[in-house]
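Q: First, the structure itself, so that you have it in front of you.
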Amino acid sequence: MDQLEPLDPAYVAEQLSRPPFVSISGVVNVRDLGSYPTCYPGLITRPGLVYRSGEISHITPEGVQQLRGLGITTVYDFRSETEMAKYETPIPTLEGVEIVHIPVFGTEDYSPEAMARRFELYASGKTEAFMILYAQILDNAGPAFGVVLRHIRDRPDSPCLFHCTAGKDRTGILAAILLELAGVEHEAIARDYALTRVGREPARDMIMKRLSKLPFFATNTDAALNMFSSRAETMYSFLRMLADRYGGVEAYLKNVVGLTDDDIAIIRKNFLVPATQTQRPLPAISGIGTESQPQS
């Protein structure tokens, strides 16, 4: 699948109509992290507990009803104040839903110089560049990720949703951490990450219009389109980096997020349930770059 070319609308509609995608009107890239097979015999990730998405600033009244229909009463927002102001996407007020603002990056991380460096890395579309960016996220996200993880520890019967702007990088990293902690195979984690290429497609024109207002992207369409990149091989590289640089998911959660061994055990237990006959198979995304890679 070409990461730069528009996707066939019929293909996108078909993919969005089935799990793990979930429909919330006005919100793109919404997925349930449940129903994935794990390395624990007879156990899968718990469906209907943890959802991921792009920004919810444009959620419609129907979308609010759909959100509540999923039982979601808490939403965690990883975006910065600077980001929301730049894109004119404030935190909405939703009746019956608490939105917890836990930015991954501080305001100082959005200086013109820092943003220029970040945009240059994203625009390259290279895996090595994404690893630099993803290491920055890992190094800064401990407090924010900890809030979501402690929700799963303390409120296992209260579904939640977490998001950033696109639902790809900050959101994708926490999703990968959760799936890795639950013992999901790397192939499935990479497939989940790659699904963002489909999940973001309905917002393609809006994103391109937004990026065209930024000097860095105004005259470089390919660079802007690389912001859509969510290749499976990028996630394989991330999982190797998590193991090699941070000592693996549990070491990261203890050393950076500040969780204890007991916390980690409870979070894992709460995120796993017995498998049933309705267990979801791995999503079959033709040509999206999901070739098998060795676990590391």
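FYI, nothing fancy with the structure tokens labels: chains A, B, ... in order, residues from 1 per chain, ligands from 1 as they appear.
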Running DSSP on the backbone, which parts of stretch 45-248 of chain A land in strand (DSSP E or B), as a short mmCIF file (atom, residue, chain, number, x, y, z; two decimals) with N, CA and C atoms, in the first residue's frame?
A:
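Final output, part_20.cif:
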```cif
data_model
loop_
_atom_site.label_atom_id
_atom_site.label_comp_id
_atom_site.auth_asym_id
_atom_site.auth_seq_id
_atom_site.Cartn_x
_atom_site.Cartn_y
_atom_site.Cartn_z
N THR A 45 -6.84 -9.85 24.91
CA THR A 45 -6.99 -8.52 25.49
C THR A 45 -8.48 -8.22 25.64
N VAL A 50 -10.44 -0.43 26.61
CA VAL A 50 -9.51 0.62 26.22
C VAL A 50 -9.66 0.92 24.73
N TYR A 51 -9.90 2.19 24.43
CA TYR A 51 -10.05 2.64 23.05
C TYR A 51 -8.99 3.70 22.74
N ARG A 52 -8.63 3.79 21.46
CA ARG A 52 -7.66 4.79 20.99
C ARG A 52 -8.29 5.55 19.83
N SER A 53 -7.87 6.80 19.63
CA SER A 53 -8.46 7.58 18.53
C SER A 53 -7.61 8.80 18.22
N THR A 74 -14.57 8.45 30.54
CA THR A 74 -13.30 9.17 30.74
C THR A 74 -12.50 9.14 29.46
N VAL A 75 -12.05 10.33 29.04
CA VAL A 75 -11.21 10.48 27.85
C VAL A 75 -9.91 11.15 28.27
N TYR A 76 -8.80 10.61 27.81
CA TYR A 76 -7.47 11.16 28.14
C TYR A 76 -6.88 11.81 26.89
N ASP A 77 -6.51 13.07 27.02
CA ASP A 77 -6.05 13.89 25.89
C ASP A 77 -4.56 14.19 26.06
N LEU A 94 -18.31 17.66 27.10
CA LEU A 94 -19.22 16.57 26.76
C LEU A 94 -19.98 16.15 28.00
N VAL A 97 -19.14 12.95 30.31
CA VAL A 97 -17.82 12.43 29.97
C VAL A 97 -16.76 13.37 30.56
N GLU A 98 -15.85 12.82 31.35
CA GLU A 98 -14.74 13.60 31.90
C GLU A 98 -13.57 13.53 30.92
N ILE A 99 -13.05 14.69 30.55
CA ILE A 99 -11.88 14.74 29.68
C ILE A 99 -10.69 15.20 30.52
N VAL A 100 -9.70 14.34 30.62
CA VAL A 100 -8.52 14.60 31.44
C VAL A 100 -7.38 15.02 30.52
N HIS A 101 -6.91 16.23 30.72
CA HIS A 101 -5.84 16.76 29.86
C HIS A 101 -4.48 16.42 30.47
N CYS A 160 -12.29 3.50 28.91
CA CYS A 160 -11.68 4.81 28.67
C CYS A 160 -11.17 4.88 27.23
N LEU A 161 -10.91 6.10 26.80
CA LEU A 161 -10.35 6.36 25.47
C LEU A 161 -9.19 7.32 25.64
N PHE A 162 -8.08 7.08 24.93
CA PHE A 162 -6.98 8.05 24.93
C PHE A 162 -6.67 8.46 23.49
N HIS A 163 -6.20 9.71 23.37
CA HIS A 163 -5.95 10.22 22.02
C HIS A 163 -4.93 11.35 22.04
#
```
Q: Using only C-alpha atoms, which protein or nucleic acid residues come within 10 Å of A:Lys126? Drop anything in the same chain fewer than 6 positions from it, and give the result as a PyMOL selection string.
A: chain A and resi 226+229+234
Q: Which is closest to A:Ala13 among A:Leu179, A:Leu211, A:Met206, A:Val198, if we use only C-alpha atoms?
A: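 Of the candidates, the smallest distance to A:Ala13 is held by A:Val198.
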Q: Neighbours of stretch 66-70 of chain A within 9 Å (only C-alpha atoms; same-chain residues fewer than 3 positions away dropped), as a VMD selection string?
A: chain A and resid 23 to 25 48 61 to 63 73 96 to 97 159
Q: Between A:Tyr134, A:Phe145, A:Tyr40, A:Tyr11, which residue has the minimum interatomic distance to A:Leu272, considering only C-alpha atoms?
A: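 Looking only at the distances to A:Leu272, the closest residue turns out to be A:Tyr40.
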Q: Smallest atom-to-atom distance to A:Thr171: which of A:Ser17, A:Asn29, A:Thr107, A:Thr260, using only C-alpha atoms?
A: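 Counting only C-alpha atoms, the residue closest to A:Thr171 is A:Asn29.
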Q: Tell me, as a list of chain:residue names, which residues lie within 7 Å of A:Cys164, counting only C-alpha atoms; anything in the same chain fewer than 3 positions away does not count.
A: A:Gly54, A:Glu55, A:Asp77, A:Phe78, A:Arg79, A:Gly167, A:Arg170, A:Thr171
Q: Separation of atom CA of A:Ile264 and atom CA of A:Arg231, in Å?
A: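 Computed distance, atom CA of A:Ile264 to atom CA of A:Arg231, equals 28.6 Å.
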Q: To one decimal place, how far is atom CA of A:Gly248 from atom CA of A:Arg46 in Å?
A: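 So the answer is 22.1 Å.
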Q: I'd like a table as CSV: residues in stretch 105-215 of chain A with an atom no more than 12 Å from stretch 250-253 of chain A, each row giving the shortest atom pair and its distance in Å to one decimal, only C-alpha atoms counted, sorted by chain and rising residue number.
A:
```
residue,atom,partner,partner_atom,distance
A:Ala135,CA,A:Tyr252,CA,11.6
A:Leu138,CA,A:Tyr252,CA,8.6
A:Asp139,CA,A:Tyr252,CA,9.5
A:Asn140,CA,A:Tyr252,CA,11.9
A:Ala141,CA,A:Leu253,CA,10.6
A:Gly142,CA,A:Leu253,CA,7.9
A:Pro143,CA,A:Leu253,CA,10.5
A:Ala144,CA,A:Leu253,CA,11.8
A:Phe145,CA,A:Leu253,CA,9.1
A:Gly146,CA,A:Leu253,CA,8.2
A:Val147,CA,A:Leu253,CA,11.9
A:Leu149,CA,A:Leu253,CA,9.5
A:Arg150,CA,A:Leu253,CA,11.3
A:Leu174,CA,A:Leu253,CA,10.9
A:Ile177,CA,A:Leu253,CA,8.9
A:Leu178,CA,A:Leu253,CA,10.4
A:Glu180,CA,A:Glu250,CA,9.4
A:Leu181,CA,A:Glu250,CA,7.3
A:Ala182,CA,A:Glu250,CA,10.8
A:Gly183,CA,A:Glu250,CA,11.5
```
Q: Excluding A:Ile56 and any residue of its chain fewer than 6 positions from it, enumerate the residues within 9 Å of it, using only C-alpha atoms, and give them as a PDB file with all heavy atoms, in the first residue's frame.
A:
```
ATOM      1  N   GLY A  26     -17.633  12.189  13.945  1.00  0.00           N
ATOM      2  CA  GLY A  26     -16.818  13.373  14.171  1.00  0.00           C
ATOM      3  C   GLY A  26     -15.427  13.068  14.688  1.00  0.00           C
ATOM      4  O   GLY A  26     -14.611  13.989  14.872  1.00  0.00           O
ATOM      5  N   VAL A  27     -15.122  11.785  14.909  1.00  0.00           N
ATOM      6  CA  VAL A  27     -13.808  11.366  15.410  1.00  0.00           C
ATOM      7  C   VAL A  27     -13.251  10.313  14.458  1.00  0.00           C
ATOM      8  O   VAL A  27     -13.969   9.392  14.064  1.00  0.00           O
ATOM      9  CB  VAL A  27     -13.895  10.780  16.833  1.00  0.00           C
ATOM     10  CG1 VAL A  27     -12.501  10.455  17.374  1.00  0.00           C
ATOM     11  CG2 VAL A  27     -14.626  11.739  17.767  1.00  0.00           C
ATOM     12  N   VAL A  28     -11.989  10.459  14.072  1.00  0.00           N
ATOM     13  CA  VAL A  28     -11.390   9.484  13.169  1.00  0.00           C
ATOM     14  C   VAL A  28     -10.455   8.544  13.923  1.00  0.00           C
ATOM     15  O   VAL A  28     -10.017   8.824  15.034  1.00  0.00           O
ATOM     16  CB  VAL A  28     -10.597  10.164  12.020  1.00  0.00           C
ATOM     17  CG1 VAL A  28     -11.510  11.058  11.195  1.00  0.00           C
ATOM     18  CG2 VAL A  28      -9.409  10.952  12.551  1.00  0.00           C
ATOM     19  N   ASP A  77      -6.506  13.071  27.024  1.00  0.00           N
ATOM     20  CA  ASP A  77      -6.050  13.887  25.894  1.00  0.00           C
ATOM     21  C   ASP A  77      -4.558  14.192  26.064  1.00  0.00           C
ATOM     22  O   ASP A  77      -4.162  14.870  27.008  1.00  0.00           O
ATOM     23  CB  ASP A  77      -6.859  15.188  25.862  1.00  0.00           C
ATOM     24  CG  ASP A  77      -6.594  16.049  24.638  1.00  0.00           C
ATOM     25  OD1 ASP A  77      -5.544  15.878  23.991  1.00  0.00           O
ATOM     26  OD2 ASP A  77      -7.439  16.914  24.336  1.00  0.00           O
ATOM     27  N   THR A  89      -8.367  23.466  17.867  1.00  0.00           N
ATOM     28  CA  THR A  89      -9.079  22.237  18.257  1.00  0.00           C
ATOM     29  C   THR A  89      -9.128  22.141  19.781  1.00  0.00           C
ATOM     30  O   THR A  89      -8.400  21.351  20.387  1.00  0.00           O
ATOM     31  CB  THR A  89      -8.381  20.994  17.668  1.00  0.00           C
ATOM     32  OG1 THR A  89      -6.977  21.028  18.024  1.00  0.00           O
ATOM     33  CG2 THR A  89      -8.503  20.960  16.152  1.00  0.00           C
ATOM     34  N   ILE A  91     -10.452  21.476  23.710  1.00  0.00           N
ATOM     35  CA  ILE A  91     -11.085  20.348  24.391  1.00  0.00           C
ATOM     36  C   ILE A  91     -12.585  20.616  24.475  1.00  0.00           C
ATOM     37  O   ILE A  91     -13.004  21.650  24.998  1.00  0.00           O
ATOM     38  CB  ILE A  91     -10.499  20.163  25.797  1.00  0.00           C
ATOM     39  CG1 ILE A  91      -9.013  19.783  25.713  1.00  0.00           C
ATOM     40  CG2 ILE A  91     -11.271  19.101  26.571  1.00  0.00           C
ATOM     41  CD1 ILE A  91      -8.331  19.717  27.060  1.00  0.00           C
ATOM     42  N   PRO A  92     -13.405  19.718  23.961  1.00  0.00           N
ATOM     43  CA  PRO A  92     -14.858  19.945  24.016  1.00  0.00           C
ATOM     44  C   PRO A  92     -15.417  19.653  25.398  1.00  0.00           C
ATOM     45  O   PRO A  92     -14.798  18.953  26.201  1.00  0.00           O
ATOM     46  CB  PRO A  92     -15.397  18.958  22.979  1.00  0.00           C
ATOM     47  CG  PRO A  92     -14.428  17.826  23.029  1.00  0.00           C
ATOM     48  CD  PRO A  92     -13.074  18.448  23.286  1.00  0.00           C
ATOM     49  N   HIS A 163      -6.202   9.710  23.366  1.00  0.00           N
ATOM     50  CA  HIS A 163      -5.954  10.224  22.017  1.00  0.00           C
ATOM     51  C   HIS A 163      -4.927  11.347  22.040  1.00  0.00           C
ATOM     52  O   HIS A 163      -4.657  11.960  23.084  1.00  0.00           O
ATOM     53  CB  HIS A 163      -7.258  10.738  21.391  1.00  0.00           C
ATOM     54  CG  HIS A 163      -7.743  12.047  21.969  1.00  0.00           C
ATOM     55  ND1 HIS A 163      -7.352  13.266  21.480  1.00  0.00           N
ATOM     56  CD2 HIS A 163      -8.588  12.314  23.003  1.00  0.00           C
ATOM     57  CE1 HIS A 163      -7.937  14.237  22.164  1.00  0.00           C
ATOM     58  NE2 HIS A 163      -8.687  13.685  23.105  1.00  0.00           N
ATOM     59  N   CYS A 164      -4.364  11.599  20.868  1.00  0.00           N
ATOM     60  CA  CYS A 164      -3.537  12.791  20.651  1.00  0.00           C
ATOM     61  C   CYS A 164      -4.210  13.574  19.524  1.00  0.00           C
ATOM     62  O   CYS A 164      -5.427  13.746  19.535  1.00  0.00           O
ATOM     63  CB  CYS A 164      -2.093  12.413  20.349  1.00  0.00           C
ATOM     64  SG  CYS A 164      -1.872  11.156  19.063  1.00  0.00           S
ATOM     65  N   THR A 165      -3.463  14.060  18.547  1.00  0.00           N
ATOM     66  CA  THR A 165      -4.092  14.775  17.436  1.00  0.00           C
ATOM     67  C   THR A 165      -4.523  13.796  16.346  1.00  0.00           C
ATOM     68  O   THR A 165      -5.684  13.718  15.978  1.00  0.00           O
ATOM     69  CB  THR A 165      -3.145  15.841  16.865  1.00  0.00           C
ATOM     70  OG1 THR A 165      -2.989  16.893  17.825  1.00  0.00           O
ATOM     71  CG2 THR A 165      -3.704  16.445  15.585  1.00  0.00           C
TER      72      THR A 165
END
```
Q: For A:Pro47, work out the shell of residues within 10 Å, counting only C-alpha atoms and skipping chain neighbours fewer than 3 positions away, then give it as a VMD selection string.
A: chain A and resid 20 32 to 36 44 50 to 51 159 271 to 273 279 to 280
Q: When DSSP is applied to the backbone of this structure, which of stretch 3-198 of chain A are assigned alpha helix (DSSP H)? Write them out as a ChimeraX atom specification.
A: /A:9-16,61-69,81-87,112-124,127-140,142-154,170-181,186-194,196-198
Q: Can I get the selected residues back with C-alpha atoms, as a CSV table (one decimal), in the first residue's frame?
A:
```csv
chain,number,residue,atom,x,y,z
A,9,PRO,CA,-12.9,5.0,-0.7
A,10,ALA,CA,-14.7,1.6,-1.0
A,11,TYR,CA,-11.7,-0.1,0.6
A,12,VAL,CA,-11.6,2.4,3.4
A,13,ALA,CA,-15.3,2.2,4.1
A,14,GLU,CA,-15.1,-1.6,4.2
A,15,GLN,CA,-12.2,-1.6,6.7
A,16,LEU,CA,-13.8,1.0,8.9
A,61,PRO,CA,-23.9,15.1,19.1
A,62,GLU,CA,-24.4,11.6,17.6
A,63,GLY,CA,-20.8,10.9,18.4
A,64,VAL,CA,-21.3,11.8,22.0
A,65,GLN,CA,-24.1,9.3,22.2
A,66,GLN,CA,-22.0,6.7,20.5
A,67,LEU,CA,-19.2,7.4,23.0
A,68,ARG,CA,-21.5,7.0,26.0
A,69,GLY,CA,-23.0,3.9,24.3
A,81,GLU,CA,-2.1,23.7,24.8
A,82,THR,CA,0.1,25.0,22.0
A,83,GLU,CA,-1.1,22.3,19.7
A,84,MET,CA,-4.7,22.9,20.4
A,85,ALA,CA,-4.4,26.6,19.9
A,86,LYS,CA,-2.4,26.2,16.6
A,87,TYR,CA,-5.0,23.9,15.1
A,112,PRO,CA,9.6,27.2,16.6
A,113,GLU,CA,13.0,25.6,16.7
A,114,ALA,CA,11.8,22.4,18.3
A,115,MET,CA,8.9,22.1,15.9
A,116,ALA,CA,11.1,22.7,12.9
A,117,ARG,CA,13.3,19.8,14.0
A,118,ARG,CA,10.3,17.6,14.6
A,119,PHE,CA,8.7,18.4,11.3
A,120,GLU,CA,11.9,17.7,9.5
A,121,LEU,CA,12.1,14.3,11.1
A,122,TYR,CA,8.4,13.4,10.4
A,123,ALA,CA,8.7,14.7,6.8
A,124,SER,CA,11.5,12.4,6.0
A,127,THR,CA,12.2,4.7,10.1
A,128,GLU,CA,15.3,6.1,11.8
A,129,ALA,CA,13.8,9.5,12.1
A,130,PHE,CA,10.6,8.1,13.7
A,131,MET,CA,12.8,6.3,16.2
A,132,ILE,CA,14.3,9.6,17.3
A,133,LEU,CA,10.8,11.1,17.6
A,134,TYR,CA,9.5,8.0,19.4
A,135,ALA,CA,12.3,8.0,21.9
A,136,GLN,CA,11.4,11.6,22.7
A,137,ILE,CA,7.9,10.5,23.3
A,138,LEU,CA,9.0,7.7,25.6
A,139,ASP,CA,11.3,10.0,27.5
A,140,ASN,CA,8.5,12.6,28.1
A,142,GLY,CA,5.9,8.8,31.7
A,143,PRO,CA,3.5,11.0,33.7
A,144,ALA,CA,0.8,11.0,31.0
A,145,PHE,CA,1.0,7.3,30.3
A,146,GLY,CA,1.0,6.6,34.0
A,147,VAL,CA,-2.4,8.3,34.4
A,148,VAL,CA,-4.0,6.0,31.7
A,149,LEU,CA,-2.3,2.9,33.0
A,150,ARG,CA,-3.5,3.6,36.6
A,151,HIS,CA,-7.0,3.9,35.3
A,152,ILE,CA,-6.8,0.4,34.0
A,153,ARG,CA,-5.3,-0.7,37.3
A,154,ASP,CA,-8.0,1.0,39.4
A,170,ARG,CA,1.8,9.3,21.1
A,171,THR,CA,-1.4,7.3,21.0
A,172,GLY,CA,0.2,4.5,18.9
A,173,ILE,CA,3.1,4.2,21.4
A,174,LEU,CA,0.8,3.8,24.4
A,175,ALA,CA,-1.3,1.3,22.5
A,176,ALA,CA,1.8,-0.7,21.6
A,177,ILE,CA,3.0,-0.6,25.2
A,178,LEU,CA,-0.3,-2.0,26.4
A,179,LEU,CA,-0.4,-4.7,23.8
A,180,GLU,CA,3.2,-5.7,24.5
A,181,LEU,CA,2.5,-5.8,28.2
A,186,HIS,CA,4.6,-8.3,17.5
A,187,GLU,CA,3.0,-8.9,14.2
A,188,ALA,CA,-0.4,-8.0,15.6
A,189,ILE,CA,1.0,-4.9,17.3
A,190,ALA,CA,2.5,-3.8,14.0
A,191,ARG,CA,-0.8,-4.4,12.2
A,192,ASP,CA,-2.6,-2.3,14.8
A,193,TYR,CA,-0.2,0.5,14.3
A,194,ALA,CA,-0.5,0.2,10.5
A,196,THR,CA,-3.9,4.2,11.3
A,197,ARG,CA,-3.2,4.6,7.6
A,198,VAL,CA,-6.8,3.5,7.0
```
Q: Expressed in Å to a single decimal, how great is the separation between atom CA of A:Tyr246 and atom CA of A:Lys269?
A: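 Spanning atom CA of A:Tyr246 to atom CA of A:Lys269 is a straight-line distance of 22.8 Å.
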